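Trainee: Data: protein-v2.cif, mmCIF, C-alpha atoms.
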```cif
data_protein
#
loop_
_atom_site.label_atom_id
_atom_site.label_comp_id
_atom_site.auth_asym_id
_atom_site.auth_seq_id
_atom_site.Cartn_x
_atom_site.Cartn_y
_atom_site.Cartn_z
CA MET H 292 66.78 -0.31 -54.84
CA SER H 293 68.49 2.08 -52.45
CA SER H 294 69.97 5.41 -53.57
CA LYS H 295 73.40 3.92 -52.94
CA ASP H 296 72.69 1.09 -55.36
CA LYS H 297 71.45 3.53 -58.00
CA LYS H 298 74.62 5.64 -57.89
CA ARG H 299 76.87 4.06 -60.48
CA GLY H 300 80.19 5.39 -61.69
CA LEU H 301 82.20 4.26 -64.69
CA GLY H 302 81.55 0.96 -66.44
CA ARG H 303 79.53 -1.40 -64.22
CA GLY H 304 80.07 0.89 -61.26
CA LEU H 305 83.45 1.52 -59.71
CA SER H 306 82.05 1.10 -56.23
CA ALA H 307 81.29 -2.51 -57.17
CA LEU H 308 84.53 -3.06 -59.05
CA MET H 309 86.59 -1.68 -56.20
CA ALA H 310 84.79 -3.55 -53.43
CA ASP H 311 87.78 -5.82 -52.87
CA VAL H 312 90.37 -3.07 -53.32
CA GLY H 313 88.67 -0.82 -50.81
CA GLU H 314 88.60 -3.41 -48.04
CA PRO H 315 90.91 -2.78 -45.08
CA ALA H 316 93.97 -4.95 -44.87
CA SER H 317 93.43 -8.14 -42.90
CA GLU H 318 95.12 -8.43 -39.54
CA GLN H 319 96.15 -11.98 -40.43
CA PRO H 320 99.05 -12.59 -42.84
CA THR H 321 97.48 -15.83 -44.12
CA ALA H 322 95.34 -15.79 -47.28
CA ARG H 323 91.58 -15.68 -46.82
CA ALA H 324 89.26 -18.42 -48.02
CA ALA H 325 88.34 -16.43 -51.13
CA ASP H 326 92.00 -15.99 -52.08
CA GLN H 327 94.05 -18.31 -54.23
CA LEU H 328 97.79 -18.75 -53.94
CA ILE H 329 99.22 -18.22 -57.42
CA PRO H 330 102.84 -18.91 -58.45
CA ILE H 331 104.53 -15.55 -58.82
CA GLU H 332 105.96 -16.46 -62.25
CA LYS H 333 102.40 -16.97 -63.53
CA ILE H 334 101.52 -13.32 -62.86
CA VAL H 335 102.18 -10.57 -65.41
CA PRO H 336 101.74 -6.77 -65.10
CA ASN H 337 99.03 -4.84 -66.90
CA PRO H 338 100.56 -3.00 -69.92
CA ASP H 339 97.96 -0.23 -69.48
CA GLN H 340 98.91 0.35 -65.85
CA PRO H 341 98.74 4.16 -65.41
CA ARG H 342 101.60 4.18 -62.92
CA LYS H 343 104.90 4.05 -64.80
CA GLN H 344 107.28 4.81 -61.92
CA PHE H 345 107.45 3.18 -58.50
CA ASP H 346 109.17 4.99 -55.63
CA ALA H 347 112.18 2.91 -54.64
CA GLY H 348 112.02 3.93 -50.98
CA MET H 349 108.35 3.03 -50.62
CA LEU H 350 108.97 -0.25 -52.43
CA ASP H 351 111.82 -1.11 -50.04
CA ASP H 352 109.53 -0.45 -47.07
CA LEU H 353 106.91 -2.76 -48.56
CA VAL H 354 109.52 -5.48 -49.16
CA ALA H 355 110.55 -5.29 -45.48
CA SER H 356 106.90 -5.49 -44.39
CA ILE H 357 106.23 -8.50 -46.61
CA LYS H 358 109.30 -10.32 -45.29
CA GLU H 359 108.07 -9.80 -41.74
CA LYS H 360 104.28 -10.24 -42.07
CA GLY H 361 103.59 -11.55 -45.55
CA ILE H 362 101.15 -10.01 -48.05
CA LEU H 363 98.23 -8.78 -45.95
CA GLN H 364 95.97 -7.90 -48.88
CA PRO H 365 95.61 -10.07 -51.98
CA LEU H 366 96.26 -8.90 -55.51
CA ILE H 367 93.33 -8.66 -57.92
CA VAL H 368 94.02 -10.46 -61.22
CA ARG H 369 92.23 -11.75 -64.30
CA ARG H 370 93.01 -14.76 -66.48
CA VAL H 371 94.81 -14.09 -69.76
CA GLU H 372 95.32 -17.43 -71.48
CA ASP H 373 97.45 -19.50 -69.06
CA LEU H 374 98.68 -16.47 -67.09
CA TYR H 375 97.16 -13.99 -64.64
CA GLN H 376 97.25 -10.26 -65.44
CA ILE H 377 97.38 -7.82 -62.55
CA VAL H 378 94.33 -5.60 -62.16
CA ALA H 379 95.35 -4.09 -58.82
CA GLY H 380 98.42 -4.65 -56.68
CA GLU H 381 101.47 -4.34 -58.95
CA ARG H 382 103.51 -2.78 -56.12
CA ARG H 383 102.79 -5.81 -53.92
CA TRP H 384 103.78 -8.14 -56.79
CA ARG H 385 107.06 -6.29 -57.38
CA ALA H 386 107.83 -6.27 -53.66
CA ALA H 387 106.97 -9.97 -53.37
CA GLN H 388 109.55 -10.76 -56.06
CA GLN H 389 112.21 -8.80 -54.18
CA ALA H 390 111.18 -10.61 -50.98
CA GLN H 391 111.74 -13.88 -52.93
CA LEU H 392 108.21 -15.22 -52.42
CA HIS H 393 107.24 -18.13 -54.66
CA GLU H 394 103.49 -17.52 -54.61
CA VAL H 395 101.13 -14.69 -53.66
CA PRO H 396 97.48 -14.52 -52.58
CA ALA H 397 95.15 -13.20 -55.28
CA LEU H 398 91.50 -12.72 -56.08
CA ILE H 399 90.58 -13.78 -59.64
CA ARG H 400 88.00 -11.57 -61.30
CA ASP H 401 86.42 -11.62 -64.76
CA PHE H 402 87.03 -8.01 -65.83
CA SER H 403 86.80 -6.47 -69.30
CA ASP H 404 89.59 -4.29 -70.69
CA THR H 405 87.57 -1.20 -69.74
CA GLU H 406 87.09 -2.34 -66.16
CA VAL H 407 90.75 -3.32 -65.79
CA LEU H 408 91.91 0.18 -66.73
CA GLU H 409 89.27 1.82 -64.57
CA VAL H 410 90.18 -0.24 -61.52
CA ALA H 411 93.91 0.32 -62.09
CA ILE H 412 93.42 4.10 -62.15
CA ILE H 413 91.16 4.14 -59.10
CA GLU H 414 93.39 1.80 -57.13
CA ASN H 415 96.39 4.04 -57.77
CA ILE H 416 94.61 7.34 -57.13
CA GLN H 417 92.96 6.17 -53.92
CA ARG H 418 95.92 4.31 -52.43
CA ALA H 419 98.97 6.43 -53.34
CA ASP H 420 98.66 9.55 -55.46
CA LEU H 421 99.85 9.17 -58.99
CA ASN H 422 102.26 11.69 -60.41
CA SER H 423 100.17 14.47 -62.02
CA ILE H 424 101.21 13.46 -65.54
CA GLU H 425 100.42 9.79 -64.89
CA GLU H 426 97.04 10.71 -63.43
CA ALA H 427 96.27 12.95 -66.42
CA ALA H 428 97.30 10.17 -68.83
CA GLY H 429 94.94 7.80 -67.03
CA TYR H 430 92.03 10.23 -67.38
CA LYS H 431 92.85 10.74 -71.05
CA GLN H 432 92.81 6.97 -71.61
CA LEU H 433 89.35 6.76 -70.10
CA MET H 434 88.15 9.59 -72.34
CA ASP H 435 89.83 8.54 -75.60
CA ARG H 436 89.42 4.77 -75.37
CA PHE H 437 86.16 4.44 -73.51
CA GLY H 438 84.30 7.70 -74.12
CA HIS H 439 84.03 8.85 -70.50
CA THR H 440 83.33 12.55 -69.98
CA GLN H 441 85.03 14.77 -67.43
CA GLU H 442 81.73 15.10 -65.57
CA LYS H 443 81.23 11.33 -65.38
CA MET H 444 84.78 10.80 -64.13
CA SER H 445 84.32 13.59 -61.60
CA GLU H 446 81.26 11.90 -60.12
CA ALA H 447 82.80 8.42 -60.08
CA LEU H 448 86.23 9.36 -58.76
CA GLY H 449 85.22 12.01 -56.26
CA LYS H 450 87.42 14.58 -58.03
CA SER H 451 86.23 18.03 -59.10
CA ARG H 452 85.85 18.70 -62.82
CA SER H 453 88.34 21.56 -62.50
CA HIS H 454 90.92 19.16 -60.98
CA ILE H 455 90.52 16.76 -63.90
CA ALA H 456 90.50 19.56 -66.49
CA ASN H 457 93.64 21.16 -65.01
CA LEU H 458 95.53 17.87 -65.08
CA LEU H 459 94.48 17.16 -68.67
CA ARG H 460 95.89 20.55 -69.70
CA LEU H 461 99.33 19.37 -68.58
CA LEU H 462 99.31 16.92 -71.51
CA GLN H 463 99.50 19.94 -73.86
CA LEU H 464 103.11 20.41 -72.76
CA PRO H 465 105.99 18.91 -74.78
CA THR H 466 107.01 15.40 -73.76
CA SER H 467 110.34 16.69 -72.45
CA VAL H 468 108.56 19.00 -69.99
CA GLN H 469 106.12 16.25 -68.99
CA ASN H 470 109.13 14.06 -68.21
CA LEU H 471 110.45 16.75 -65.87
CA VAL H 472 107.18 16.50 -63.94
CA LEU H 473 107.41 12.71 -63.97
CA ASP H 474 110.88 12.69 -62.44
CA GLY H 475 110.00 15.35 -59.88
CA SER H 476 112.14 18.14 -61.32
CA LEU H 477 109.02 20.29 -61.84
CA SER H 478 105.82 20.39 -59.81
CA ALA H 479 102.38 20.34 -61.39
CA GLY H 480 102.04 24.01 -60.42
CA HIS H 481 105.19 24.92 -62.34
CA ALA H 482 103.98 22.90 -65.32
CA ARG H 483 100.58 24.62 -65.37
CA ALA H 484 102.31 28.00 -65.47
CA LEU H 485 104.30 26.90 -68.53
CA ILE H 486 101.30 25.73 -70.59
CA THR H 487 100.75 29.12 -72.26
CA ALA H 488 104.45 29.75 -72.94
CA ASP H 489 105.71 29.71 -76.54
CA ASP H 490 108.87 27.86 -75.55
CA PRO H 491 108.05 25.90 -72.37
CA GLU H 492 111.15 23.70 -72.71
CA SER H 493 113.67 26.54 -72.41
CA LEU H 494 111.66 28.21 -69.67
CA ALA H 495 111.47 24.91 -67.77
CA ARG H 496 115.26 24.72 -67.80
CA LYS H 497 115.47 28.27 -66.41
CA VAL H 498 112.95 27.42 -63.68
CA ILE H 499 114.94 24.37 -62.60
CA ALA H 500 118.32 26.11 -62.80
CA GLY H 501 117.07 29.06 -60.76
CA GLY H 502 114.97 27.03 -58.32
CA LEU H 503 112.06 29.36 -59.07
CA SER H 504 108.77 29.22 -57.19
CA VAL H 505 105.46 28.81 -59.01
CA ARG H 506 104.78 32.55 -58.67
CA ALA H 507 108.19 33.37 -60.08
CA THR H 508 107.56 30.94 -62.93
CA GLU H 509 104.28 32.69 -63.77
CA ALA H 510 106.13 36.01 -63.82
CA LEU H 511 108.82 34.52 -66.07
CA VAL H 512 106.19 33.35 -68.56
CA LYS H 513 104.59 36.80 -68.64
CA LYS H 514 107.98 38.46 -69.07
CA SER H 515 108.78 36.09 -71.94
CA ALA H 516 105.48 36.93 -73.64
CA VAL H 517 106.25 40.66 -73.43
CA ALA H 518 109.75 40.12 -74.82
CA ASP H 519 108.26 38.21 -77.74
CA GLY H 520 105.95 41.13 -78.52
CA LYS H 521 102.84 39.31 -77.35
CA ALA H 522 101.86 41.57 -74.49
CA VAL H 523 98.18 42.43 -74.20
CA ARG H 524 97.40 45.21 -76.62
CA VAL H 525 95.75 48.42 -75.53
CA PRO H 526 92.16 48.49 -76.81
CA THR H 527 91.66 50.66 -79.86
CA GLN H 528 89.27 53.58 -79.94
CA ALA H 529 86.79 51.54 -81.95
CA LYS H 530 86.65 48.96 -79.15
CA THR H 531 86.21 51.48 -76.38
CA MET H 532 83.53 53.59 -78.08
CA GLU H 533 80.29 54.13 -76.22
CA LYS H 534 77.91 51.18 -76.63
CA ASP H 535 74.21 51.51 -77.25
CA ALA H 536 71.57 50.13 -74.90
CA ASP H 537 70.88 47.09 -77.10
CA THR H 538 74.54 46.03 -77.07
CA ARG H 539 74.77 46.40 -73.29
CA ALA H 540 71.55 44.42 -72.86
CA LEU H 541 72.94 41.64 -75.08
CA GLU H 542 76.15 41.58 -73.03
CA ASN H 543 74.10 41.16 -69.86
CA ASP H 544 72.04 38.34 -71.40
CA LEU H 545 75.15 36.50 -72.59
CA SER H 546 76.85 36.97 -69.22
CA ALA H 547 73.83 35.48 -67.47
CA ALA H 548 73.73 32.53 -69.88
CA THR H 549 77.44 31.69 -69.68
CA GLY H 550 78.14 32.59 -66.06
CA VAL H 551 81.17 34.73 -66.98
CA LYS H 552 81.71 38.36 -67.96
CA VAL H 553 80.94 38.89 -71.67
CA THR H 554 82.05 41.96 -73.63
CA LEU H 555 80.98 42.73 -77.22
CA ASN H 556 83.26 44.94 -79.28
CA HIS H 557 81.49 45.83 -82.52
CA LYS H 558 83.44 47.66 -85.21
CA ALA H 559 81.77 50.92 -86.10
CA ASP H 560 82.64 50.65 -89.80
CA GLY H 561 81.27 47.18 -90.51
CA GLU H 562 79.33 44.14 -89.33
CA SER H 563 82.23 42.34 -87.67
CA GLY H 564 83.64 42.54 -84.17
CA GLU H 565 84.65 40.32 -81.30
CA MET H 566 83.10 38.74 -78.24
CA VAL H 567 85.37 38.47 -75.18
CA LEU H 568 84.67 35.98 -72.39
CA ARG H 569 86.46 36.69 -69.11
CA TYR H 570 86.75 34.16 -66.30
CA SER H 571 88.11 34.85 -62.83
CA SER H 572 89.04 31.30 -61.84
CA LEU H 573 89.77 27.89 -63.34
CA ASP H 574 86.49 26.63 -61.90
CA GLU H 575 84.66 29.30 -63.92
CA LEU H 576 86.59 28.28 -67.05
CA ASP H 577 85.78 24.63 -66.46
CA GLU H 578 82.06 25.40 -66.06
CA LEU H 579 82.12 27.58 -69.19
CA CYS H 580 83.76 24.78 -71.20
CA ARG H 581 81.12 22.37 -69.94
CA LYS H 582 78.30 24.67 -71.06
CA LEU H 583 79.83 25.41 -74.47
CA SER H 584 80.49 21.72 -75.17
CA GLY H 585 77.01 20.66 -74.14
CA GLY H 586 78.45 18.64 -71.24
#
```
Just dump the structure as structure tokens.
Mentor:
Amino acid sequence: MSSKDKKRGLGRGLSALMADVGEPASEQPTARAADQLIPIEKIVPNPDQPRKQFDAGMLDDLVASIKEKGILQPLIVRRVEDLYQIVAGERRWRAAQQAQLHEVPALIRDFSDTEVLEVAIIENIQRADLNSIEEAAGYKQLMDRFGHTQEKMSEALGKSRSHIANLLRLLQLPTSVQNLVLDGSLSAGHARALITADDPESLARKVIAGGLSVRATEALVKKSAVADGKAVRVPTQAKTMEKDADTRALENDLSAATGVKVTLNHKADGESGEMVLRYSSLDELDELCRKLSGG
């Protein structure tokens, strides 16, 4: 078995599941021998499709292309009772309806629920980038419903763990703010800056009204924290007292083990204190989370 065969992703291996999806579009508008022409009314969308919004302009372009050349690449579907559920190609199906086609070429595959969701996410991510919230929701489905880890998804999808972790953090925002990202009113960068805010909804409205940049949004969040009395406190004398050699040695050991700067602040009048972990980038934070969670 070659090293390529050994490298499996999610489920049975996304490279195998996506073999048809990854093929270049045929130069011929006619269906290939492996395709079947299926009546368009017999095809239904996948309710777990991660993409919830379809760009009208891009869809219109696809409709025009289909009218002129037909569907160059078949849909991938699976049987669900007497119908066919879309695994990959919902945009082509929607455009085919607008182009008033009566049947479309499709490849019928026997996929499980897990594989259907996996293929739908990969097909969307690889062909046309999902909105950040939609992409994050797709990752969360894979984690919650099928137990995939961030590291496993990173390897299978060719995305860094920090990219996946950063998108998942967007789901901490209120639904109203997530919707602003979905409709394009806010960028993912703006949304990330609002994650730590106490009232991200009101700040989001200010960002949109003022047309603020991501940097300006970050400054607004910090200013809001100061106004709410949550500015970083000046360390007390107990925390800044001279540390003994053992404490400094322990800090060095912990820093080496975690990969980030570790500071121990032991209270002089008791056995309690605090341990502070400082990271300088989101990649460092992602790696720290992986180590602490045993990932």
Trainee: So, with only C-alpha atoms as the atoms that count, which of H:Val567, H:Val395, H:Leu485, H:Ala547 lies closest to Arg506 of chain H?
Mentor: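 Using only C-alpha atoms, the shortest distance to Arg506 of chain H belongs to H:Leu485.
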Trainee: Just so the selection is clear, what residues does the PyMOL selection byres ((chain H and resi 336) around 8) cover here, as JSON, numbers by chain?
Mentor: {"H": [334, 335, 337, 338, 340, 376, 377, 381]}
Trainee: I'd like to see the residues matched by the PyMOL selection byres ((chain H and resi 548-559) around 9) on this file, and ideally I'd get them as a PyMOL selection string.
Mentor: chain H and resi 529-532+534+538-539+541-547+560-571+575-576+578-579+582-583
Trainee: Mind giving me the straight-line distance from atom CA of Asp401 of chain H to atom CA of Arg370 of chain H in Å, one decimal?
Mentor: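 According to the coordinates, atom CA of Asp401 of chain H and atom CA of Arg370 of chain H are separated by 7.5 Å.
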Trainee: Suppose you want the space between atom CA of Ala516 of chain H and atom CA of Ser493 of chain H; what is it in Å?
Mentor: 13.3 Å
Trainee: Would you list the contacts of Gln441 of chain H as a PDB file with C-alpha atoms, in the coordinates of the input, taking every protein, DNA or RNA residue within 10 Å and counting all atoms listed in the file, but skipping same-chain residues closer than 6 positions in sequence?
Mentor:
```pdb
ATOM      1  CA  TYR H 430      92.030  10.230 -67.380  1.00  0.00           C
ATOM      2  CA  LYS H 431      92.850  10.740 -71.050  1.00  0.00           C
ATOM      3  CA  LEU H 433      89.350   6.760 -70.100  1.00  0.00           C
ATOM      4  CA  MET H 434      88.150   9.590 -72.340  1.00  0.00           C
ATOM      5  CA  ALA H 447      82.800   8.420 -60.080  1.00  0.00           C
ATOM      6  CA  LYS H 450      87.420  14.580 -58.030  1.00  0.00           C
ATOM      7  CA  SER H 451      86.230  18.030 -59.100  1.00  0.00           C
ATOM      8  CA  ARG H 452      85.850  18.700 -62.820  1.00  0.00           C
ATOM      9  CA  SER H 453      88.340  21.560 -62.500  1.00  0.00           C
ATOM     10  CA  HIS H 454      90.920  19.160 -60.980  1.00  0.00           C
ATOM     11  CA  ILE H 455      90.520  16.760 -63.900  1.00  0.00           C
ATOM     12  CA  ALA H 456      90.500  19.560 -66.490  1.00  0.00           C
ATOM     13  CA  LEU H 459      94.480  17.160 -68.670  1.00  0.00           C
ATOM     14  CA  ASP H 577      85.780  24.630 -66.460  1.00  0.00           C
ATOM     15  CA  ARG H 581      81.120  22.370 -69.940  1.00  0.00           C
ATOM     16  CA  GLY H 586      78.450  18.640 -71.240  1.00  0.00           C
TER      17      GLY H 586
END
```
Trainee: Quote the spacing between atom CA of Val368 of chain H and atom CA of Thr405 of chain H in Å to one decimal place.
Mentor: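 Taking atom CA of Val368 of chain H as the start and atom CA of Thr405 of chain H as the end point, the length is 14.1 Å.
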Trainee: Apply the PyMOL selection byres ((chain H and resi 355-362) around 8) to the file shown and report the selected residues as a PDB file with C-alpha atoms, keeping the file's coordinate frame.
Mentor:
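Final file, selection10.pdb:
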```pdb
ATOM      1  CA  PRO H 320      99.050 -12.590 -42.840  1.00  0.00           C
ATOM      2  CA  THR H 321      97.480 -15.830 -44.120  1.00  0.00           C
ATOM      3  CA  ASP H 351     111.820  -1.110 -50.040  1.00  0.00           C
ATOM      4  CA  ASP H 352     109.530  -0.450 -47.070  1.00  0.00           C
ATOM      5  CA  LEU H 353     106.910  -2.760 -48.560  1.00  0.00           C
ATOM      6  CA  VAL H 354     109.520  -5.480 -49.160  1.00  0.00           C
ATOM      7  CA  LEU H 363      98.230  -8.780 -45.950  1.00  0.00           C
ATOM      8  CA  GLN H 364      95.970  -7.900 -48.880  1.00  0.00           C
ATOM      9  CA  PRO H 365      95.610 -10.070 -51.980  1.00  0.00           C
ATOM     10  CA  ARG H 383     102.790  -5.810 -53.920  1.00  0.00           C
ATOM     11  CA  ALA H 386     107.830  -6.270 -53.660  1.00  0.00           C
ATOM     12  CA  ALA H 387     106.970  -9.970 -53.370  1.00  0.00           C
ATOM     13  CA  ALA H 390     111.180 -10.610 -50.980  1.00  0.00           C
ATOM     14  CA  VAL H 395     101.130 -14.690 -53.660  1.00  0.00           C
ATOM     15  CA  PRO H 396      97.480 -14.520 -52.580  1.00  0.00           C
TER      16      PRO H 396
END
```
Trainee: Please determine, counting only C-alpha atoms, which residue among H:Glu409, H:Ala510, H:Ala347, H:Pro465 has the shortest atom-to-atom distance to Glu492 of chain H.
Mentor: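 The closest residue to Glu492 of chain H is H:Pro465.
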Trainee: Measuring atom to atom with all atoms listed in the file, identify which of H:Val371, H:Leu464, H:Ala379, H:Gln389 is nearest to Val410 of chain H.
Mentor: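 That would be H:Ala379, the residue with the smallest distance to Val410 of chain H.
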Trainee: Hey, which of H:Arg460, H:Arg496, H:Arg385, H:Lys443 ends up closest to Ala427 of chain H? Count all atoms listed in the file.
Mentor: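 The closest residue to Ala427 of chain H is H:Arg460.
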Trainee: Point out the residue among H:Gln432, H:Ala484, H:Ile424, H:Lys497 with the least atom-to-atom distance to Asn470 of chain H, counting only C-alpha atoms.
Mentor: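 The answer is H:Ile424, which sits nearest to Asn470 of chain H.
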Trainee: Under the rule that all atoms listed in the file are counted, which of H:Arg436, H:Lys514, H:His481, H:His393 is the nearest residue to Gly502 of chain H?
Mentor: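 Comparing H:Arg436, H:Lys514, H:His481, H:His393 against Gly502 of chain H, the winner is H:His481.
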Trainee: I'd like the contact shell of Ser423 of chain H - 9 Å cut-off, all atoms listed in the file, skipping same-chain residues fewer than 4 positions apart - returned as an mmCIF file with C-alpha atoms, in the frame of the given file.
Mentor:
```cif
data_model
loop_
_atom_site.group_PDB
_atom_site.id
_atom_site.type_symbol
_atom_site.label_atom_id
_atom_site.label_comp_id
_atom_site.auth_asym_id
_atom_site.auth_seq_id
_atom_site.Cartn_x
_atom_site.Cartn_y
_atom_site.Cartn_z
ATOM 1 C CA ALA H 427 96.270 12.950 -66.420
ATOM 2 C CA ALA H 428 97.300 10.170 -68.830
ATOM 3 C CA LEU H 458 95.530 17.870 -65.080
ATOM 4 C CA LEU H 461 99.330 19.370 -68.580
ATOM 5 C CA VAL H 472 107.180 16.500 -63.940
ATOM 6 C CA LEU H 473 107.410 12.710 -63.970
ATOM 7 C CA SER H 478 105.820 20.390 -59.810
ATOM 8 C CA ALA H 479 102.380 20.340 -61.390
#
```
Trainee: Quick one: segment 529-553 of chain H with N, CA and C atoms, as a compact mmCIF listing (two decimals), keeping the file's coordinate frame?
Mentor:
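Okay, selection.txt is ready:
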```
# COMPACT_ATOMS: atom_id res chain seq x y z
N ALA H 529 88.02 52.17 -81.46
CA ALA H 529 86.79 51.54 -81.95
C ALA H 529 86.21 50.59 -80.92
N LYS H 530 87.11 49.94 -80.13
CA LYS H 530 86.65 48.96 -79.15
C LYS H 530 86.14 49.62 -77.88
N THR H 531 86.60 50.82 -77.61
CA THR H 531 86.21 51.48 -76.38
C THR H 531 85.13 52.53 -76.60
N MET H 532 84.58 52.62 -77.80
CA MET H 532 83.53 53.59 -78.08
C MET H 532 82.29 53.28 -77.26
N GLU H 533 81.50 54.27 -77.01
CA GLU H 533 80.29 54.13 -76.22
C GLU H 533 79.33 53.14 -76.89
N LYS H 534 78.80 52.22 -76.09
CA LYS H 534 77.91 51.18 -76.63
C LYS H 534 76.46 51.60 -76.43
N ASP H 535 75.62 51.17 -77.37
CA ASP H 535 74.21 51.51 -77.25
C ASP H 535 73.53 50.57 -76.25
N ALA H 536 72.31 50.89 -75.92
CA ALA H 536 71.57 50.13 -74.90
C ALA H 536 71.35 48.69 -75.32
N ASP H 537 71.12 48.45 -76.62
CA ASP H 537 70.88 47.09 -77.10
C ASP H 537 72.12 46.22 -76.91
N THR H 538 73.29 46.80 -77.21
CA THR H 538 74.54 46.03 -77.07
C THR H 538 74.78 45.69 -75.59
N ARG H 539 74.57 46.66 -74.71
CA ARG H 539 74.77 46.40 -73.29
C ARG H 539 73.78 45.35 -72.77
N ALA H 540 72.55 45.41 -73.27
CA ALA H 540 71.55 44.42 -72.86
C ALA H 540 71.95 43.02 -73.32
N LEU H 541 72.50 42.94 -74.55
CA LEU H 541 72.94 41.64 -75.08
C LEU H 541 74.11 41.10 -74.27
N GLU H 542 75.03 42.00 -73.88
CA GLU H 542 76.15 41.58 -73.03
C GLU H 542 75.65 40.99 -71.72
N ASN H 543 74.65 41.65 -71.13
CA ASN H 543 74.10 41.16 -69.86
C ASN H 543 73.44 39.79 -70.03
N ASP H 544 72.71 39.62 -71.15
CA ASP H 544 72.04 38.34 -71.40
C ASP H 544 73.07 37.22 -71.58
N LEU H 545 74.12 37.51 -72.35
CA LEU H 545 75.15 36.50 -72.59
C LEU H 545 75.92 36.18 -71.30
N SER H 546 76.15 37.20 -70.49
CA SER H 546 76.85 36.97 -69.22
C SER H 546 76.03 36.07 -68.31
N ALA H 547 74.71 36.30 -68.30
CA ALA H 547 73.83 35.48 -67.47
C ALA H 547 73.78 34.04 -67.97
N ALA H 548 73.82 33.87 -69.29
CA ALA H 548 73.73 32.53 -69.88
C ALA H 548 75.01 31.72 -69.70
N THR H 549 76.16 32.41 -69.76
CA THR H 549 77.44 31.69 -69.68
C THR H 549 78.02 31.64 -68.27
N GLY H 550 77.60 32.56 -67.42
CA GLY H 550 78.14 32.59 -66.06
C GLY H 550 79.46 33.32 -65.94
N VAL H 551 79.92 33.95 -67.01
CA VAL H 551 81.17 34.73 -66.98
C VAL H 551 80.91 36.10 -67.61
N LYS H 552 81.83 37.02 -67.40
CA LYS H 552 81.71 38.36 -67.96
C LYS H 552 81.87 38.32 -69.47
N VAL H 553 80.90 38.87 -70.21
CA VAL H 553 80.94 38.89 -71.67
C VAL H 553 80.99 40.34 -72.15
```
